[in-house]
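Asks: Hey, dropping data14.pdb in here, PDB, N, CA and C atoms, pLDDT in the B column:
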```pdb
ATOM      1  N   MET J   9      -3.011  10.258   2.373  1.00 76.00           N
ATOM      2  CA  MET J   9      -2.458  10.082   1.046  1.00 76.00           C
ATOM      3  C   MET J   9      -1.599  11.290   0.658  1.00 76.00           C
ATOM      4  N   PHE J  10      -1.944  12.475   1.197  1.00 86.00           N
ATOM      5  CA  PHE J  10      -1.184  13.677   0.862  1.00 86.00           C
ATOM      6  C   PHE J  10       0.285  13.520   1.242  1.00 86.00           C
ATOM      7  N   ILE J  11       0.557  12.966   2.416  1.00 88.00           N
ATOM      8  CA  ILE J  11       1.936  12.863   2.883  1.00 88.00           C
ATOM      9  C   ILE J  11       2.751  11.931   1.980  1.00 88.00           C
ATOM     10  N   ILE J  12       2.165  10.841   1.527  1.00 86.00           N
ATOM     11  CA  ILE J  12       2.872   9.921   0.629  1.00 86.00           C
ATOM     12  C   ILE J  12       3.164  10.614  -0.694  1.00 86.00           C
ATOM     13  N   ARG J  13       2.186  11.352  -1.200  1.00 87.00           N
ATOM     14  CA  ARG J  13       2.376  12.083  -2.462  1.00 87.00           C
ATOM     15  C   ARG J  13       3.468  13.135  -2.295  1.00 87.00           C
ATOM     16  N   PHE J  14       3.466  13.832  -1.163  1.00 90.00           N
ATOM     17  CA  PHE J  14       4.486  14.849  -0.896  1.00 90.00           C
ATOM     18  C   PHE J  14       5.873  14.226  -0.817  1.00 90.00           C
ATOM     19  N   LEU J  15       6.006  13.114  -0.108  1.00 86.00           N
ATOM     20  CA  LEU J  15       7.311  12.475   0.045  1.00 86.00           C
ATOM     21  C   LEU J  15       7.903  12.036  -1.289  1.00 86.00           C
ATOM     22  N   GLY J  16       7.075  11.729  -2.266  1.00 85.00           N
ATOM     23  CA  GLY J  16       7.558  11.334  -3.583  1.00 85.00           C
ATOM     24  C   GLY J  16       7.869  12.499  -4.497  1.00 85.00           C
ATOM     25  N   SER J  17       7.461  13.719  -4.108  1.00 87.00           N
ATOM     26  CA  SER J  17       7.706  14.898  -4.941  1.00 87.00           C
ATOM     27  C   SER J  17       9.161  15.353  -4.802  1.00 87.00           C
ATOM     28  N   THR J  18       9.557  16.279  -5.660  1.00 88.00           N
ATOM     29  CA  THR J  18      10.919  16.811  -5.611  1.00 88.00           C
ATOM     30  C   THR J  18      11.177  17.515  -4.284  1.00 88.00           C
ATOM     31  N   ARG J  19      10.233  18.300  -3.840  1.00 93.00           N
ATOM     32  CA  ARG J  19      10.384  19.003  -2.562  1.00 93.00           C
ATOM     33  C   ARG J  19      10.437  17.994  -1.408  1.00 93.00           C
ATOM     34  N   GLY J  20       9.625  16.963  -1.488  1.00 90.00           N
ATOM     35  CA  GLY J  20       9.627  15.931  -0.462  1.00 90.00           C
ATOM     36  C   GLY J  20      10.940  15.168  -0.415  1.00 90.00           C
ATOM     37  N   ARG J  21      11.512  14.928  -1.592  1.00 91.00           N
ATOM     38  CA  ARG J  21      12.818  14.265  -1.635  1.00 91.00           C
ATOM     39  C   ARG J  21      13.867  15.109  -0.950  1.00 91.00           C
ATOM     40  N   ALA J  22      13.836  16.423  -1.173  1.00 94.00           N
ATOM     41  CA  ALA J  22      14.801  17.321  -0.528  1.00 94.00           C
ATOM     42  C   ALA J  22      14.630  17.290   0.987  1.00 94.00           C
ATOM     43  N   VAL J  23      13.392  17.278   1.439  1.00 94.00           N
ATOM     44  CA  VAL J  23      13.126  17.207   2.882  1.00 94.00           C
ATOM     45  C   VAL J  23      13.659  15.894   3.448  1.00 94.00           C
ATOM     46  N   ARG J  24      13.467  14.798   2.714  1.00 94.00           N
ATOM     47  CA  ARG J  24      13.954  13.495   3.198  1.00 94.00           C
ATOM     48  C   ARG J  24      15.477  13.447   3.252  1.00 94.00           C
ATOM     49  N   VAL J  25      16.148  14.070   2.280  1.00 94.00           N
ATOM     50  CA  VAL J  25      17.615  14.094   2.292  1.00 94.00           C
ATOM     51  C   VAL J  25      18.112  14.873   3.514  1.00 94.00           C
ATOM     52  N   VAL J  26      17.523  16.047   3.757  1.00 96.00           N
ATOM     53  CA  VAL J  26      17.937  16.873   4.894  1.00 96.00           C
ATOM     54  C   VAL J  26      17.638  16.164   6.216  1.00 96.00           C
ATOM     55  N   ALA J  27      16.450  15.586   6.338  1.00 95.00           N
ATOM     56  CA  ALA J  27      16.090  14.875   7.566  1.00 95.00           C
ATOM     57  C   ALA J  27      17.005  13.669   7.783  1.00 95.00           C
ATOM     58  N   GLY J  28      17.280  12.933   6.717  1.00 94.00           N
ATOM     59  CA  GLY J  28      18.168  11.776   6.826  1.00 94.00           C
ATOM     60  C   GLY J  28      19.574  12.174   7.233  1.00 94.00           C
ATOM     61  N   ALA J  29      20.073  13.258   6.647  1.00 95.00           N
ATOM     62  CA  ALA J  29      21.408  13.738   7.016  1.00 95.00           C
ATOM     63  C   ALA J  29      21.427  14.191   8.471  1.00 95.00           C
ATOM     64  N   GLY J  30      20.351  14.835   8.912  1.00 96.00           N
ATOM     65  CA  GLY J  30      20.263  15.262  10.315  1.00 96.00           C
ATOM     66  C   GLY J  30      20.290  14.080  11.267  1.00 96.00           C
ATOM     67  N   LEU J  31      19.538  13.038  10.938  1.00 95.00           N
ATOM     68  CA  LEU J  31      19.540  11.835  11.773  1.00 95.00           C
ATOM     69  C   LEU J  31      20.913  11.159  11.766  1.00 95.00           C
ATOM     70  N   LEU J  32      21.531  11.132  10.603  1.00 94.00           N
ATOM     71  CA  LEU J  32      22.857  10.527  10.472  1.00 94.00           C
ATOM     72  C   LEU J  32      23.870  11.258  11.351  1.00 94.00           C
ATOM     73  N   ILE J  33      23.856  12.572  11.294  1.00 95.00           N
ATOM     74  CA  ILE J  33      24.782  13.372  12.100  1.00 95.00           C
ATOM     75  C   ILE J  33      24.469  13.224  13.591  1.00 95.00           C
ATOM     76  N   ALA J  34      23.185  13.286  13.945  1.00 95.00           N
ATOM     77  CA  ALA J  34      22.801  13.158  15.354  1.00 95.00           C
ATOM     78  C   ALA J  34      23.243  11.810  15.922  1.00 95.00           C
ATOM     79  N   GLY J  35      23.038  10.750  15.159  1.00 94.00           N
ATOM     80  CA  GLY J  35      23.447   9.430  15.624  1.00 94.00           C
ATOM     81  C   GLY J  35      24.946   9.310  15.784  1.00 94.00           C
ATOM     82  N   ALA J  36      25.690   9.935  14.876  1.00 93.00           N
ATOM     83  CA  ALA J  36      27.151   9.876  14.956  1.00 93.00           C
ATOM     84  C   ALA J  36      27.672  10.698  16.134  1.00 93.00           C
ATOM     85  N   VAL J  37      27.064  11.844  16.374  1.00 95.00           N
ATOM     86  CA  VAL J  37      27.517  12.718  17.462  1.00 95.00           C
ATOM     87  C   VAL J  37      27.161  12.130  18.826  1.00 95.00           C
ATOM     88  N   LEU J  38      25.939  11.624  18.963  1.00 93.00           N
ATOM     89  CA  LEU J  38      25.495  11.112  20.258  1.00 93.00           C
ATOM     90  C   LEU J  38      26.158   9.796  20.624  1.00 93.00           C
ATOM     91  N   GLY J  39      26.470   8.983  19.629  1.00 88.00           N
ATOM     92  CA  GLY J  39      27.147   7.716  19.882  1.00 88.00           C
ATOM     93  C   GLY J  39      26.322   6.761  20.725  1.00 88.00           C
ATOM     94  N   GLY J  40      26.967   5.772  21.300  1.00 89.00           N
ATOM     95  CA  GLY J  40      26.290   4.783  22.147  1.00 89.00           C
ATOM     96  C   GLY J  40      25.142   4.111  21.419  1.00 89.00           C
ATOM     97  N   PRO J  41      24.013   3.941  22.091  1.00 90.00           N
ATOM     98  CA  PRO J  41      22.865   3.278  21.460  1.00 90.00           C
ATOM     99  C   PRO J  41      22.188   4.153  20.403  1.00 90.00           C
ATOM    100  N   TRP J  42      22.574   5.415  20.336  1.00 92.00           N
ATOM    101  CA  TRP J  42      21.973   6.325  19.359  1.00 92.00           C
ATOM    102  C   TRP J  42      22.498   6.087  17.944  1.00 92.00           C
ATOM    103  N   TRP J  43      23.419   5.152  17.768  1.00 93.00           N
ATOM    104  CA  TRP J  43      23.915   4.852  16.430  1.00 93.00           C
ATOM    105  C   TRP J  43      22.782   4.370  15.526  1.00 93.00           C
ATOM    106  N   ILE J  44      21.699   3.880  16.136  1.00 94.00           N
ATOM    107  CA  ILE J  44      20.535   3.446  15.351  1.00 94.00           C
ATOM    108  C   ILE J  44      19.991   4.617  14.532  1.00 94.00           C
ATOM    109  N   LEU J  45      20.034   5.827  15.100  1.00 93.00           N
ATOM    110  CA  LEU J  45      19.608   7.016  14.353  1.00 93.00           C
ATOM    111  C   LEU J  45      20.434   7.185  13.084  1.00 93.00           C
ATOM    112  N   ALA J  46      21.729   6.925  13.184  1.00 94.00           N
ATOM    113  CA  ALA J  46      22.598   7.054  12.021  1.00 94.00           C
ATOM    114  C   ALA J  46      22.200   6.061  10.940  1.00 94.00           C
ATOM    115  N   GLY J  47      21.845   4.854  11.332  1.00 94.00           N
ATOM    116  CA  GLY J  47      21.402   3.850  10.350  1.00 94.00           C
ATOM    117  C   GLY J  47      20.100   4.241   9.679  1.00 94.00           C
ATOM    118  N   VAL J  48      19.147   4.715  10.467  1.00 94.00           N
ATOM    119  CA  VAL J  48      17.870   5.161   9.904  1.00 94.00           C
ATOM    120  C   VAL J  48      18.104   6.353   8.975  1.00 94.00           C
ATOM    121  N   GLY J  49      18.948   7.281   9.403  1.00 94.00           N
ATOM    122  CA  GLY J  49      19.257   8.450   8.574  1.00 94.00           C
ATOM    123  C   GLY J  49      19.905   8.067   7.261  1.00 94.00           C
ATOM    124  N   ALA J  50      20.789   7.077   7.306  1.00 95.00           N
ATOM    125  CA  ALA J  50      21.440   6.627   6.078  1.00 95.00           C
ATOM    126  C   ALA J  50      20.431   6.017   5.106  1.00 95.00           C
ATOM    127  N   VAL J  51      19.484   5.246   5.624  1.00 95.00           N
ATOM    128  CA  VAL J  51      18.454   4.643   4.770  1.00 95.00           C
ATOM    129  C   VAL J  51      17.564   5.718   4.166  1.00 95.00           C
ATOM    130  N   VAL J  52      17.130   6.667   4.987  1.00 94.00           N
ATOM    131  CA  VAL J  52      16.239   7.728   4.513  1.00 94.00           C
ATOM    132  C   VAL J  52      16.938   8.585   3.454  1.00 94.00           C
ATOM    133  N   ALA J  53      18.147   9.040   3.751  1.00 94.00           N
ATOM    134  CA  ALA J  53      18.883   9.886   2.817  1.00 94.00           C
ATOM    135  C   ALA J  53      19.242   9.119   1.545  1.00 94.00           C
ATOM    136  N   GLY J  54      19.642   7.872   1.692  1.00 94.00           N
ATOM    137  CA  GLY J  54      20.006   7.065   0.520  1.00 94.00           C
ATOM    138  C   GLY J  54      18.824   6.784  -0.385  1.00 94.00           C
ATOM    139  N   ALA J  55      17.686   6.468   0.209  1.00 94.00           N
ATOM    140  CA  ALA J  55      16.494   6.194  -0.602  1.00 94.00           C
ATOM    141  C   ALA J  55      16.064   7.426  -1.379  1.00 94.00           C
ATOM    142  N   SER J  56      16.112   8.590  -0.738  1.00 92.00           N
ATOM    143  CA  SER J  56      15.688   9.786  -1.452  1.00 92.00           C
ATOM    144  C   SER J  56      16.722  10.203  -2.486  1.00 92.00           C
ATOM    145  N   ALA J  57      17.996   9.983  -2.228  1.00 92.00           N
ATOM    146  CA  ALA J  57      19.020  10.301  -3.217  1.00 92.00           C
ATOM    147  C   ALA J  57      18.897   9.394  -4.445  1.00 92.00           C
ATOM    148  N   LEU J  58      18.447   8.159  -4.243  1.00 93.00           N
ATOM    149  CA  LEU J  58      18.263   7.220  -5.357  1.00 93.00           C
ATOM    150  C   LEU J  58      16.881   7.336  -5.998  1.00 93.00           C
ATOM    151  N   ASP J  59      16.070   8.271  -5.509  1.00 92.00           N
ATOM    152  CA  ASP J  59      14.723   8.537  -6.022  1.00 92.00           C
ATOM    153  C   ASP J  59      13.827   7.304  -5.931  1.00 92.00           C
ATOM    154  N   VAL J  60      13.737   6.774  -4.734  1.00 92.00           N
ATOM    155  CA  VAL J  60      12.784   5.706  -4.456  1.00 92.00           C
ATOM    156  C   VAL J  60      11.978   6.102  -3.226  1.00 92.00           C
ATOM    157  N   CYS J  61      10.752   5.649  -3.165  1.00 89.00           N
ATOM    158  CA  CYS J  61       9.890   5.923  -2.013  1.00 89.00           C
ATOM    159  C   CYS J  61       9.593   4.587  -1.334  1.00 89.00           C
ATOM    160  N   LEU J  62      10.209   4.360  -0.204  1.00 89.00           N
ATOM    161  CA  LEU J  62      10.076   3.076   0.477  1.00 89.00           C
ATOM    162  C   LEU J  62       8.699   2.880   1.102  1.00 89.00           C
ATOM    163  N   LEU J  63       7.941   3.950   1.286  1.00 88.00           N
ATOM    164  CA  LEU J  63       6.594   3.840   1.845  1.00 88.00           C
ATOM    165  C   LEU J  63       5.539   3.582   0.775  1.00 88.00           C
ATOM    166  N   ALA J  64       5.900   3.670  -0.484  1.00 89.00           N
ATOM    167  CA  ALA J  64       4.940   3.522  -1.585  1.00 89.00           C
ATOM    168  C   ALA J  64       4.183   2.192  -1.556  1.00 89.00           C
ATOM    169  N   PRO J  65       4.808   1.059  -1.269  1.00 91.00           N
ATOM    170  CA  PRO J  65       4.051  -0.200  -1.254  1.00 91.00           C
ATOM    171  C   PRO J  65       2.932  -0.231  -0.217  1.00 91.00           C
ATOM    172  N   LEU J  66       3.039   0.599   0.815  1.00 90.00           N
ATOM    173  CA  LEU J  66       1.984   0.642   1.825  1.00 90.00           C
ATOM    174  C   LEU J  66       0.663   1.147   1.261  1.00 90.00           C
ATOM    175  N   VAL J  67       0.732   1.927   0.189  1.00 90.00           N
ATOM    176  CA  VAL J  67      -0.480   2.446  -0.449  1.00 90.00           C
ATOM    177  C   VAL J  67      -0.677   1.862  -1.849  1.00 90.00           C
ATOM    178  N   GLY J  68       0.037   0.787  -2.151  1.00 91.00           N
ATOM    179  CA  GLY J  68      -0.141   0.093  -3.421  1.00 91.00           C
ATOM    180  C   GLY J  68       0.462   0.796  -4.619  1.00 91.00           C
ATOM    181  N   LYS J  69       1.511   1.574  -4.410  1.00 90.00           N
ATOM    182  CA  LYS J  69       2.175   2.303  -5.497  1.00 90.00           C
ATOM    183  C   LYS J  69       3.550   1.684  -5.754  1.00 90.00           C
ATOM    184  N   PRO J  70       4.116   1.921  -6.954  1.00 92.00           N
ATOM    185  CA  PRO J  70       5.456   1.401  -7.261  1.00 92.00           C
ATOM    186  C   PRO J  70       6.542   2.156  -6.490  1.00 92.00           C
ATOM    187  N   ILE J  71       7.653   1.496  -6.239  1.00 91.00           N
ATOM    188  CA  ILE J  71       8.742   2.077  -5.454  1.00 91.00           C
ATOM    189  C   ILE J  71       9.572   3.106  -6.238  1.00 91.00           C
ATOM    190  N   PRO J  72       9.931   2.877  -7.502  1.00 93.00           N
ATOM    191  CA  PRO J  72      10.758   3.869  -8.212  1.00 93.00           C
ATOM    192  C   PRO J  72      10.056   5.221  -8.334  1.00 93.00           C
ATOM    193  N   GLY J  73      10.803   6.296  -8.089  1.00 88.00           N
ATOM    194  CA  GLY J  73      10.259   7.643  -8.076  1.00 88.00           C
ATOM    195  C   GLY J  73       9.461   8.045  -9.309  1.00 88.00           C
ATOM    196  N   PRO J  74      10.012   7.885 -10.526  1.00 91.00           N
ATOM    197  CA  PRO J  74       9.257   8.309 -11.710  1.00 91.00           C
ATOM    198  C   PRO J  74       7.941   7.538 -11.875  1.00 91.00           C
ATOM    199  N   ARG J  75       7.969   6.247 -11.647  1.00 92.00           N
ATOM    200  CA  ARG J  75       6.739   5.452 -11.745  1.00 92.00           C
ATOM    201  C   ARG J  75       5.769   5.803 -10.630  1.00 92.00           C
ATOM    202  N   PHE J  76       6.297   6.107  -9.449  1.00 89.00           N
ATOM    203  CA  PHE J  76       5.466   6.508  -8.317  1.00 89.00           C
ATOM    204  C   PHE J  76       4.710   7.797  -8.635  1.00 89.00           C
ATOM    205  N   ARG J  77       5.443   8.805  -9.127  1.00 88.00           N
ATOM    206  CA  ARG J  77       4.805  10.085  -9.460  1.00 88.00           C
ATOM    207  C   ARG J  77       3.819   9.928 -10.609  1.00 88.00           C
ATOM    208  N   ALA J  78       4.134   9.088 -11.578  1.00 90.00           N
ATOM    209  CA  ALA J  78       3.239   8.866 -12.712  1.00 90.00           C
ATOM    210  C   ALA J  78       1.953   8.181 -12.278  1.00 90.00           C
ATOM    211  N   SER J  79       2.006   7.382 -11.238  1.00 88.00           N
ATOM    212  CA  SER J  79       0.806   6.665 -10.786  1.00 88.00           C
ATOM    213  C   SER J  79      -0.251   7.623 -10.231  1.00 88.00           C
ATOM    214  N   PHE J  80       0.153   8.818  -9.814  1.00 82.00           N
ATOM    215  CA  PHE J  80      -0.812   9.794  -9.314  1.00 82.00           C
ATOM    216  C   PHE J  80      -1.423  10.613 -10.451  1.00 82.00           C
ATOM    217  N   ALA J  81      -0.771  10.621 -11.615  1.00 77.00           N
ATOM    218  CA  ALA J  81      -1.258  11.407 -12.748  1.00 77.00           C
ATOM    219  C   ALA J  81      -2.460  10.753 -13.418  1.00 77.00           C
ATOM    220  N   ARG J  82      -2.659   9.478 -13.176  1.00 63.00           N
ATOM    221  CA  ARG J  82      -3.758   8.753 -13.832  1.00 63.00           C
ATOM    222  C   ARG J  82      -5.092   9.140 -13.312  1.00 63.00           C
TER     223      ARG J  82
END
```
Would you put the structure from the file into structure tokens?
Replies:
Amino acid sequence: MFIIRFLGSTRGRAVRVVAGAGLLIAGAVLGGPWWILAGVGAVVAGASALDVCLLAPLVGKPIPGPRFRASFAR
């Protein structure tokens, strides 16, 4: 549960943006079948930039960032 909570935090969002950008760049540079990395990186970076946690439904939490963080305060 700690990792899900971390990923929804501000620091976790920053980590997801950096990791997503890294995957995006790696996929673009490597080319060929590695373009899949670029797609995954775009999803990861885009989701964190829009403040949503795509893993939240796996633990029964809401997807939007503010509602996700508020669900842990209860």
Asks: Which residues are near segment 27-43 of chain J? Cut-off 12 Å, only C-alpha atoms, ignore same chain within fewer than 3 positions. Put them as a list in words.
Replies: Leu15, Gly20, Arg21, Ala22, Val23, Arg24, Ala46, Gly47, Val48, Gly49, Ala50, Val51, Val52, Ala53, Gly54, Ala55, Ser56 and Ala57 of chain J
Asks: Let me make sure I understand: among J:Pro70, J:Ile44, J:Val60, J:Phe80, which one has the smallest atom-to-atom distance to Phe10 of chain J if we use only C-alpha atoms?
Replies: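 Among J:Pro70, J:Ile44, J:Val60, J:Phe80, it is J:Phe80 that comes nearest to Phe10 of chain J.
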Asks: Grab the atom CA of Leu66 of chain J to atom CA of Leu45 of chain J distance for me, in Å with one decimal place.
Replies: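 Interatomic distance here is 22.5 Å.
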Asks: Counting only C-alpha atoms, what is within 9 Å of Ala64 of chain J, bar same-chain residues fewer than 6 positions away, as a list of chain:residue names?
Replies: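 Surrounding residues, per the criterion: J:Ile12, J:Arg13, J:Gly16, J:Pro70, J:Ile71, J:Pro72, J:Phe76.
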Asks: Could you check how far atom CA of Thr18 of chain J sits from atom CA of Gly68 of chain J, in Å to one decimal?
Replies: 20.2 Å
Asks: Atom N of Val25 of chain J to atom C of Ala81 of chain J: how many Å, to one decimal?
Replies: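 Pair atom N of Val25 of chain J / atom C of Ala81 of chain J returns 24.6 Å.
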Asks: Write down as a ChimeraX atom specification the residues belonging to chain J that are assigned alpha helix (DSSP H) by DSSP computed on the backbone.
Replies: /J:10-16,18-38,43-57,73-81
Asks: For the residues in the current selection, export N, CA and C atoms as a short mmCIF file (atom, residue, chain, number, x, y, z; two decimals), in the frame of the given file.
Replies:
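again-v6.cif, freshly written:
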```cif
data_model
loop_
_atom_site.label_atom_id
_atom_site.label_comp_id
_atom_site.auth_asym_id
_atom_site.auth_seq_id
_atom_site.Cartn_x
_atom_site.Cartn_y
_atom_site.Cartn_z
N PHE J 10 -1.94 12.48 1.20
CA PHE J 10 -1.18 13.68 0.86
C PHE J 10 0.28 13.52 1.24
N ILE J 11 0.56 12.97 2.42
CA ILE J 11 1.94 12.86 2.88
C ILE J 11 2.75 11.93 1.98
N ILE J 12 2.16 10.84 1.53
CA ILE J 12 2.87 9.92 0.63
C ILE J 12 3.16 10.61 -0.69
N ARG J 13 2.19 11.35 -1.20
CA ARG J 13 2.38 12.08 -2.46
C ARG J 13 3.47 13.14 -2.30
N PHE J 14 3.47 13.83 -1.16
CA PHE J 14 4.49 14.85 -0.90
C PHE J 14 5.87 14.23 -0.82
N LEU J 15 6.01 13.11 -0.11
CA LEU J 15 7.31 12.48 0.04
C LEU J 15 7.90 12.04 -1.29
N GLY J 16 7.08 11.73 -2.27
CA GLY J 16 7.56 11.33 -3.58
C GLY J 16 7.87 12.50 -4.50
N THR J 18 9.56 16.28 -5.66
CA THR J 18 10.92 16.81 -5.61
C THR J 18 11.18 17.52 -4.28
N ARG J 19 10.23 18.30 -3.84
CA ARG J 19 10.38 19.00 -2.56
C ARG J 19 10.44 17.99 -1.41
N GLY J 20 9.62 16.96 -1.49
CA GLY J 20 9.63 15.93 -0.46
C GLY J 20 10.94 15.17 -0.42
N ARG J 21 11.51 14.93 -1.59
CA ARG J 21 12.82 14.26 -1.64
C ARG J 21 13.87 15.11 -0.95
N ALA J 22 13.84 16.42 -1.17
CA ALA J 22 14.80 17.32 -0.53
C ALA J 22 14.63 17.29 0.99
N VAL J 23 13.39 17.28 1.44
CA VAL J 23 13.13 17.21 2.88
C VAL J 23 13.66 15.89 3.45
N ARG J 24 13.47 14.80 2.71
CA ARG J 24 13.95 13.50 3.20
C ARG J 24 15.48 13.45 3.25
N VAL J 25 16.15 14.07 2.28
CA VAL J 25 17.61 14.09 2.29
C VAL J 25 18.11 14.87 3.51
N VAL J 26 17.52 16.05 3.76
CA VAL J 26 17.94 16.87 4.89
C VAL J 26 17.64 16.16 6.22
N ALA J 27 16.45 15.59 6.34
CA ALA J 27 16.09 14.88 7.57
C ALA J 27 17.00 13.67 7.78
N GLY J 28 17.28 12.93 6.72
CA GLY J 28 18.17 11.78 6.83
C GLY J 28 19.57 12.17 7.23
N ALA J 29 20.07 13.26 6.65
CA ALA J 29 21.41 13.74 7.02
C ALA J 29 21.43 14.19 8.47
N GLY J 30 20.35 14.84 8.91
CA GLY J 30 20.26 15.26 10.32
C GLY J 30 20.29 14.08 11.27
N LEU J 31 19.54 13.04 10.94
CA LEU J 31 19.54 11.84 11.77
C LEU J 31 20.91 11.16 11.77
N LEU J 32 21.53 11.13 10.60
CA LEU J 32 22.86 10.53 10.47
C LEU J 32 23.87 11.26 11.35
N ILE J 33 23.86 12.57 11.29
CA ILE J 33 24.78 13.37 12.10
C ILE J 33 24.47 13.22 13.59
N ALA J 34 23.18 13.29 13.94
CA ALA J 34 22.80 13.16 15.35
C ALA J 34 23.24 11.81 15.92
N GLY J 35 23.04 10.75 15.16
CA GLY J 35 23.45 9.43 15.62
C GLY J 35 24.95 9.31 15.78
N ALA J 36 25.69 9.94 14.88
CA ALA J 36 27.15 9.88 14.96
C ALA J 36 27.67 10.70 16.13
N VAL J 37 27.06 11.84 16.37
CA VAL J 37 27.52 12.72 17.46
C VAL J 37 27.16 12.13 18.83
N LEU J 38 25.94 11.62 18.96
CA LEU J 38 25.50 11.11 20.26
C LEU J 38 26.16 9.80 20.62
N TRP J 43 23.42 5.15 17.77
CA TRP J 43 23.92 4.85 16.43
C TRP J 43 22.78 4.37 15.53
N ILE J 44 21.70 3.88 16.14
CA ILE J 44 20.54 3.45 15.35
C ILE J 44 19.99 4.62 14.53
N LEU J 45 20.03 5.83 15.10
CA LEU J 45 19.61 7.02 14.35
C LEU J 45 20.43 7.18 13.08
N ALA J 46 21.73 6.92 13.18
CA ALA J 46 22.60 7.05 12.02
C ALA J 46 22.20 6.06 10.94
N GLY J 47 21.84 4.85 11.33
CA GLY J 47 21.40 3.85 10.35
C GLY J 47 20.10 4.24 9.68
N VAL J 48 19.15 4.72 10.47
CA VAL J 48 17.87 5.16 9.90
C VAL J 48 18.10 6.35 8.98
N GLY J 49 18.95 7.28 9.40
CA GLY J 49 19.26 8.45 8.57
C GLY J 49 19.90 8.07 7.26
N ALA J 50 20.79 7.08 7.31
CA ALA J 50 21.44 6.63 6.08
C ALA J 50 20.43 6.02 5.11
N VAL J 51 19.48 5.25 5.62
CA VAL J 51 18.45 4.64 4.77
C VAL J 51 17.56 5.72 4.17
N VAL J 52 17.13 6.67 4.99
CA VAL J 52 16.24 7.73 4.51
C VAL J 52 16.94 8.59 3.45
N ALA J 53 18.15 9.04 3.75
CA ALA J 53 18.88 9.89 2.82
C ALA J 53 19.24 9.12 1.54
N GLY J 54 19.64 7.87 1.69
CA GLY J 54 20.01 7.06 0.52
C GLY J 54 18.82 6.78 -0.38
N ALA J 55 17.69 6.47 0.21
CA ALA J 55 16.49 6.19 -0.60
C ALA J 55 16.06 7.43 -1.38
N SER J 56 16.11 8.59 -0.74
CA SER J 56 15.69 9.79 -1.45
C SER J 56 16.72 10.20 -2.49
N ALA J 57 18.00 9.98 -2.23
CA ALA J 57 19.02 10.30 -3.22
C ALA J 57 18.90 9.39 -4.44
N GLY J 73 10.80 6.30 -8.09
CA GLY J 73 10.26 7.64 -8.08
C GLY J 73 9.46 8.04 -9.31
N PRO J 74 10.01 7.88 -10.53
CA PRO J 74 9.26 8.31 -11.71
C PRO J 74 7.94 7.54 -11.88
N ARG J 75 7.97 6.25 -11.65
CA ARG J 75 6.74 5.45 -11.74
C ARG J 75 5.77 5.80 -10.63
N PHE J 76 6.30 6.11 -9.45
CA PHE J 76 5.47 6.51 -8.32
C PHE J 76 4.71 7.80 -8.64
N ARG J 77 5.44 8.80 -9.13
CA ARG J 77 4.80 10.09 -9.46
C ARG J 77 3.82 9.93 -10.61
N ALA J 78 4.13 9.09 -11.58
CA ALA J 78 3.24 8.87 -12.71
C ALA J 78 1.95 8.18 -12.28
N SER J 79 2.01 7.38 -11.24
CA SER J 79 0.81 6.66 -10.79
C SER J 79 -0.25 7.62 -10.23
N PHE J 80 0.15 8.82 -9.81
CA PHE J 80 -0.81 9.79 -9.31
C PHE J 80 -1.42 10.61 -10.45
N ALA J 81 -0.77 10.62 -11.62
CA ALA J 81 -1.26 11.41 -12.75
C ALA J 81 -2.46 10.75 -13.42
#
```
